[in-house]
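The structure under discussion appears below in the form of structure tokens.
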Amino acid sequence: EVKVNERDMTFSKVPEFEFKELKKILKKSKKKAPENLFQWDGIRLNDNQTAIKRLDLSAYPDISGELDLSVFEKLEYVSLKGLKVSNVILPESLSYLDADSFKNCEKIQQVRVPKNVKTMYAPAFAGYKSLKTVIFEGNAPDISNGHRVDDVFGKGMEKVQIYCGKNSKGWVESYWDKYEKIR
């Protein structure tokens with residue numbers, strides 16, 4: 001059981017491996033992680049208190065290298081704002097990419113987007129000259145609020161190689177035409 005806050009709420013159903021993985025991620029930073037991870041504002045549990053639902057790592061901008069978040073089973077929101085990560089594997093549970101998901105991740109080179117991502121918000125990938133590859137494991141996500149793919153990736157990003165599954169749908173729509181490297 002883990003003490004959650006000053007009200008002494010305890011949760012014993014949260015998978016231990018999620019906390020171990022989170023501690024491992026936070027050790028990549030020179031900034032000290034809070035003693036009690038539940039007191040840290042960067043995580044939120046789902047309603048059943050059985051898994052981490054929201055993860056905001058922006059308080060740890062010196063985290064670098066590869067970041068594998070696939071272990072998180074119920075993660076719905078992730079913000080890596082300002083991190084120095086180069087490669088990111090997102091969890092299967094993620095259903096959308098927020099406008100700030102990768103904001104100021106200037107060293108990012110590759111992102112693996114799970115099949116459950118149905119929506120991308122602009123400017124999820126805009127302006128990252130180091131971005132080389134985005135691997136979509138599912139169908140082409142919708143672009144939110146009437147934005148275009150250019151708004152998500154930014155102008156001048158046509159050289160980003162976009163990979164998708166052979167039988168995935170939506171990649172031939174006119175707004176993806178500019179990205180000739182879709183494979």
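In the structure tokens, chains take letters A, B, ... by order of appearance, with residues numbered from 1 within each chain and ligands from 1 in the order shown.
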
### Message
as a list in words, please: the residues near A:Lys115 (cut-off 10 Å, only C-alpha atoms, same-chain neighbours under 4 positions excluded).
### Response
Pro91, Glu92, Ser93, Leu94, Ser95, Ile135, Phe136, Glu137, Gly138, Asn139, Ala140, Pro141, Cys164, Gly165 and Ser168 of chain A

Residue subset to file, keeping C-alpha atoms, as a PDB file, in the first residue's frame:
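Once everything was written out, this is result.pdb:
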```pdb
ATOM      1  CA  PRO A  91       1.644   3.219 -24.349  1.00  0.00           C
ATOM      2  CA  GLU A  92      -1.132   1.307 -26.124  1.00  0.00           C
ATOM      3  CA  SER A  93      -3.729   2.969 -23.892  1.00  0.00           C
ATOM      4  CA  LEU A  94      -3.028   6.459 -25.256  1.00  0.00           C
ATOM      5  CA  SER A  95      -5.926   7.719 -27.394  1.00  0.00           C
ATOM      6  CA  ILE A 135       5.694   5.215 -36.701  1.00  0.00           C
ATOM      7  CA  PHE A 136       1.909   4.946 -36.575  1.00  0.00           C
ATOM      8  CA  GLU A 137       0.755   1.483 -35.559  1.00  0.00           C
ATOM      9  CA  GLY A 138      -2.870   2.149 -36.499  1.00  0.00           C
ATOM     10  CA  ASN A 139      -5.064   4.147 -38.824  1.00  0.00           C
ATOM     11  CA  ALA A 140      -4.379   7.784 -39.626  1.00  0.00           C
ATOM     12  CA  PRO A 141      -5.480   9.844 -36.607  1.00  0.00           C
ATOM     13  CA  CYS A 164       2.055   3.011 -41.062  1.00  0.00           C
ATOM     14  CA  GLY A 165       0.706  -0.524 -41.297  1.00  0.00           C
ATOM     15  CA  SER A 168      -4.190   0.816 -42.023  1.00  0.00           C
TER      16      SER A 168
END
```

### Message
Please compute the atom CA of A:Ser130-atom CA of A:Gln109 distance, one decimal, in Å.
### Response
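Atom-to-atom, atom CA of A:Ser130 to atom CA of A:Gln109, that is 5.3 Å.
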
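For the residues A:Leu131, A:Ile43, A:Leu57, A:Leu22, ranking by smallest atom-to-atom distance to A:Ser70 using only C-alpha atoms places A:Leu22 first.
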
### Message
Give me, as a ChimeraX atom specification, all polymer residues having an atom no more than 6 Å from A:Ile143, counting only C-alpha atoms and skipping those fewer than 3 positions away in the same chain.
### Response
/A:119-120,147

### Message
What parts of stretch 95-132 of chain A does DSSP call strand (DSSP E or B)? I'd like the answer as a ChimeraX atom specification.
### Response
/A:96-97,110-113,119-120

#### Entry: Distance criterion (only C-alpha atoms): nearest to A:Tyr77 out of A:Ile63, A:Ile162, A:Val152, A:Ile52
A:Ile52

#### Entry: Proximity to A:Ser64 - best of A:Glu76, A:Glu18, A:Glu106, A:Asp100, only C-alpha atoms
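Of all the options, A:Glu106 lies closest to A:Ser64.
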
Would you mind listing what lies within 9 Å of A:Lys132 as an mmCIF file with N, CA and C atoms, in the first residue's frame, with only C-alpha atoms counted and same-chain residues fewer than 6 positions away left out?
```
data_model
loop_
_atom_site.group_PDB
_atom_site.id
_atom_site.type_symbol
_atom_site.label_atom_id
_atom_site.label_comp_id
_atom_site.auth_asym_id
_atom_site.auth_seq_id
_atom_site.Cartn_x
_atom_site.Cartn_y
_atom_site.Cartn_z
ATOM 1 N N ILE A 108 14.118 15.259 -30.129
ATOM 2 C CA ILE A 108 13.331 14.083 -30.491
ATOM 3 C C ILE A 108 13.587 13.682 -31.942
ATOM 4 N N GLN A 109 13.855 12.397 -32.148
ATOM 5 C CA GLN A 109 14.139 11.877 -33.477
ATOM 6 C C GLN A 109 13.088 10.886 -33.952
ATOM 7 N N GLN A 110 12.552 10.097 -33.013
ATOM 8 C CA GLN A 110 11.604 9.059 -33.412
ATOM 9 C C GLN A 110 10.521 8.900 -32.353
ATOM 10 N N VAL A 111 9.283 8.723 -32.834
ATOM 11 C CA VAL A 111 8.152 8.472 -31.949
ATOM 12 C C VAL A 111 7.368 7.298 -32.507
ATOM 13 N N LYS A 159 9.945 16.139 -44.787
ATOM 14 C CA LYS A 159 10.968 15.101 -44.861
ATOM 15 C C LYS A 159 10.870 14.090 -43.725
ATOM 16 N N VAL A 160 9.978 14.314 -42.791
ATOM 17 C CA VAL A 160 9.759 13.341 -41.726
ATOM 18 C C VAL A 160 9.230 12.064 -42.373
ATOM 19 N N GLN A 161 9.845 10.945 -42.052
ATOM 20 C CA GLN A 161 9.375 9.679 -42.584
ATOM 21 C C GLN A 161 8.258 9.162 -41.697
ATOM 22 N N ILE A 162 7.105 8.945 -42.320
ATOM 23 C CA ILE A 162 5.941 8.458 -41.600
ATOM 24 C C ILE A 162 5.699 7.015 -42.024
#
```

### Query
In Å, with one decimal, what is the gap from atom CA of A:Glu21 to atom CA of A:Asp68?
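Result for atom CA of A:Glu21 versus atom CA of A:Asp68: 9.1 Å, one decimal.
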
### Message
Quick check, in Å to one decimal: how far apart do atom CA of A:Lys20 and atom CA of A:Leu83 lie?
### Response
20.0 Å

### Summary
Closest of A:Ala99, A:Ala33, A:Val149, A:Leu26 to A:Lys81, counting only C-alpha atoms, is A:Ala99

### Query
Contacts of A:Lys32 at 12 Å or less, counting only C-alpha atoms, minus same-chain residues fewer than 5 places along, as a PyMOL selection string?
chain A and resi 23+25-27+37+40+59-60+62-63

Selected residues, C-alpha atoms, written as a compact mmCIF listing (two decimals), in the first residue's frame, please.
```txt
# COMPACT_ATOMS: atom_id res chain seq x y z
CA LYS A 23 11.11 5.71 -10.61
CA ILE A 25 12.44 7.23 -15.62
CA LEU A 26 12.79 9.89 -12.92
CA LYS A 27 16.29 8.65 -12.05
CA LEU A 37 5.19 9.85 -5.89
CA TRP A 40 3.79 14.76 -7.09
CA ALA A 59 9.14 19.14 -14.32
CA TYR A 60 12.15 16.97 -15.29
CA ASP A 62 16.89 16.98 -18.29
CA ILE A 63 15.48 13.49 -18.90
```
